[in-house]
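A.B. asks: Have a look at this one.
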Amino acid sequence: MSDPRIPKNFFAPRVSRITVSASNAGAQRVRELQAAGRDIIGLTIGEPDFETPGNIKEAATAAMWREETKYTNVDGTPELKAAIRAKFKRENGLDYAPDQIMVGNGGKQVIYNAIMSTVSKGDEVITPAPYWVSYLDIPLLAEGTPVSVVCREEDGYKITPAALEAAITPKTKWFVLNSPCNPTGIVYSRAELKALAAVLLRHPQVWVLADDIYEHLVFDGIKFSSIAEVEPALYGRTLTVNGVAKTYAMTGWRIGYCGGPAELIATMKKVQSQSTTCASSISQAAAVQALNGPQDFVPKRAQAFQERRDRVLELLREAPGIECIRPQGAFYVFAKIAGMLGKRTPQGALLATEQDAVDYLLENGVAVVVGAAYGLSPYFRMSIASPIEELSEACHRMRRAAAALR
């Protein structure tokens with residue numbers, strides 16, 4: 001029942017354009033079911049199960065004892081911005097001045113700042129599908145128009161130069177590129193990025209938002225490349241976004257960052273000054289240590305995710321009606337479930353939609369997220385950022401559930 005004290009038209013119409021994050025909603029549902037005593041394996045949220053490395057936690061503690069507990073500059077502490085500049089130069093071949101760097105409360109806020117700073121009613125933002133859920137909702141909140149370009153299975157779920165060309169209009173303001181991709185785990189090669197860049201160079205009004213948050217989580221010896229480094233001519237209109245959440249298991253520390261044109265960064269800084277002001281001073285001190293400290297554990301963790309991927313693919317290969325895309329990076333498996341639809345459960349219920357199939361898996365003790373949340377159906381996304389024993393049990397449950405369909 002609605003609250004009669006809230007007047008009609010109290011909420012801004014733009015809020016009705018967006019939805020709650022499907023992965024966050026799924027994670028909350030899992031917690032509720034588990035609290036009620038249900039045996040549920042939750043594979044909905046993209047959060048590494050590894051601990052934040054000890055040297056990073058020690059840096060945070062030391063910062064507190066140094067009384068670094070006050071507001072910082074809106075765009076980040078000088079120490080963290082210096083560490084970010086060094087990281088971009090060292091790992092990505094990108095050279096940014098201090099006024100080209102900004103720190104936010106997670107990569108999501110950085111993206112939010114960029115879109116809110118630039119997108120107006122009627123502006124278009126191109127996003128390849130499948131996509132991370134917020135790539136569409138943030139432009140919608142800005143009253144822009146998200147343009148989802150569905151990437152075909154035969155193209156490896158990657159946007160092609162021809163598809164990108166066809167999607168660009170005079171109203172296009174941004175092209176969002178996420179590699180490795182959430183949810184598919186696909187990684188664009190250097191040659192593929194060069195081909196996309198050739199299209200973008202023909203359309204100087206289109207800026208590039210490169211979300212590189214999973215850059216260190218790549219498999220099978222694949223080399224990561226960032227588009228502004230691959231095509232230097234795009235440097236002046238590319239915002240390269242990253243953060244410490246995935247690589248360093250620091251999701252709750254809420255530190256994202258970016259490098260881009262100084263004028264854009266200054267405008268994003270203005271937006272953030274009226275929302276959160278700055279990121280946590282303690283988290284920023286920890287992020288300095290993350291970026292400057294030992295990196296030897298990073299490839300080891302990527303290897304662990306690769307082993308989990310291999311185990312999940314091996315087990316789900318035997319699940320009738322479930323076909324998995326082979327991830328090249330990140331820590332998700334995106335599975336096609338067309339083969340489950342049209343069948344009936346042992347109780348006689350018809351699985352008519354992907355939501356029916358995902359609900360059926362939940363009944364069998366595994367929580368995943370519907371593919372529609374990522375722009376492609378009928379699929380589901382499962383996170384593999386859990387211990388391999390837990391993932392194996394989840395796959396056994398899904399396999400048994402799929403085999404029981406008639």
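In the structure tokens, chains take letters A, B, ... by order of appearance, with residues numbered from 1 within each chain and ligands from 1 in the order shown.
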Write down as a ChimeraX atom specification the residues belonging to stretch 224-262 of chain A that are assigned strand (DSSP E) by DSSP computed on the backbone.

C.D. replies: /A:238-243,256-259

A.B. asks: Wanna dump the stretch 228-282 of chain A-stretch 57-64 of chain A contacts at 10 Å for me, each residue with its shortest atom pair and the distance in Å to one decimal, counting only C-alpha atoms, ordered by chain and number, as a tab-separated table?

C.D. replies:
residue	atom	partner	partner_atom	distance
A:Met250	CA	A:Lys57	CA	10.0
A:Ser281	CA	A:Ala63	CA	8.4
A:Ile282	CA	A:Ala60	CA	5.4

A.B. asks: Next, dump the selected residues to file, keeping only C-alpha atoms, as a compact mmCIF listing (two decimals), in the first residue's frame.

C.D. replies:
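The resulting again.txt:
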# COMPACT_ATOMS: atom_id res chain seq x y z
CA MET A 250 38.78 -4.27 -2.34
CA SER A 281 40.74 9.17 3.04
CA ILE A 282 41.56 5.79 4.60

A.B. asks: So, with only C-alpha atoms as the atoms that count, which of A:Leu315, A:Leu361, A:Leu264, A:Leu177 lies closest to A:Thr118?

C.D. replies: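 Checking each candidate against A:Thr118, we get A:Leu264 as the closest.
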
A.B. asks: Determine which residues of stretch 260-342 of chain A DSSP labels as alpha helix (DSSP H) from the backbone of this structure, then write them out as JSON, numbers by chain.

C.D. replies: {"A": [262, 263, 264, 265, 266, 267, 268, 269, 270, 271, 272, 273, 281, 282, 283, 284, 285, 286, 287, 288, 289, 290, 291, 292, 297, 298, 299, 300, 301, 302, 303, 304, 305, 306, 307, 308, 309, 310, 311, 312, 313, 314, 315, 316]}

A.B. asks: What separation in Å, quoted to one decimal, exists between atom CA of A:Ala97 and atom CA of A:Leu193?

C.D. replies: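 We find that atom CA of A:Ala97 and atom CA of A:Leu193 lie 24.5 Å from each other.
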
A.B. asks: Contacts of stretch 23-37 of chain A at 9 Å or less, counting only C-alpha atoms, minus same-chain residues fewer than 5 places along, as a compact mmCIF listing (two decimals) with N, CA and C atoms, in the first residue's frame?

C.D. replies:
# COMPACT_ATOMS: atom_id res chain seq x y z
N GLY A 42 24.86 -18.66 -3.43
CA GLY A 42 24.66 -17.40 -4.13
C GLY A 42 25.79 -17.09 -5.09
N LEU A 43 25.45 -17.01 -6.37
CA LEU A 43 26.44 -16.71 -7.42
C LEU A 43 25.99 -15.48 -8.20
N THR A 44 25.45 -14.50 -7.49
CA THR A 44 24.86 -13.35 -8.15
C THR A 44 25.77 -12.14 -8.20
N ILE A 45 26.66 -11.98 -7.25
CA ILE A 45 27.40 -10.73 -7.10
C ILE A 45 28.83 -10.87 -7.59
N GLY A 46 29.35 -9.82 -8.22
CA GLY A 46 30.71 -9.83 -8.74
C GLY A 46 31.71 -9.35 -7.71
N VAL A 133 24.96 -3.97 -16.01
CA VAL A 133 23.64 -3.38 -15.88
C VAL A 133 23.64 -1.85 -15.84
N ALA A 367 21.53 -19.59 -6.85
CA ALA A 367 21.04 -18.28 -7.26
C ALA A 367 21.95 -17.68 -8.32
N VAL A 368 21.38 -17.37 -9.49
CA VAL A 368 22.09 -16.70 -10.59
C VAL A 368 21.22 -15.53 -11.04
N VAL A 369 21.68 -14.76 -12.03
CA VAL A 369 20.96 -13.57 -12.48
C VAL A 369 20.50 -13.77 -13.91
N ALA A 373 18.83 -8.92 -17.65
CA ALA A 373 19.42 -7.79 -16.92
C ALA A 373 20.68 -7.28 -17.62

A.B. asks: Quick one: pull the distance between atom CA of A:Glu231 and atom CA of A:Ala198, Å, one decimal.

C.D. replies: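 Between atom CA of A:Glu231 and atom CA of A:Ala198 the gap is 8.6 Å.
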
A.B. asks: Could you give me, as a list in words, the residues within 12 Å of A:Asp359, counting only C-alpha atoms and dropping anything in the same chain fewer than 3 positions from it?

C.D. replies: Gly26, Arg29, Thr345, Ala349, Leu350, Leu351, Ala352, Thr353, Glu354, Gln355, Asp356, Leu362, Glu363, Asn364, Gly365, Val366, Ala367, Val368, Val369, Val370, Phe380, Met398 and Ala401 of chain A
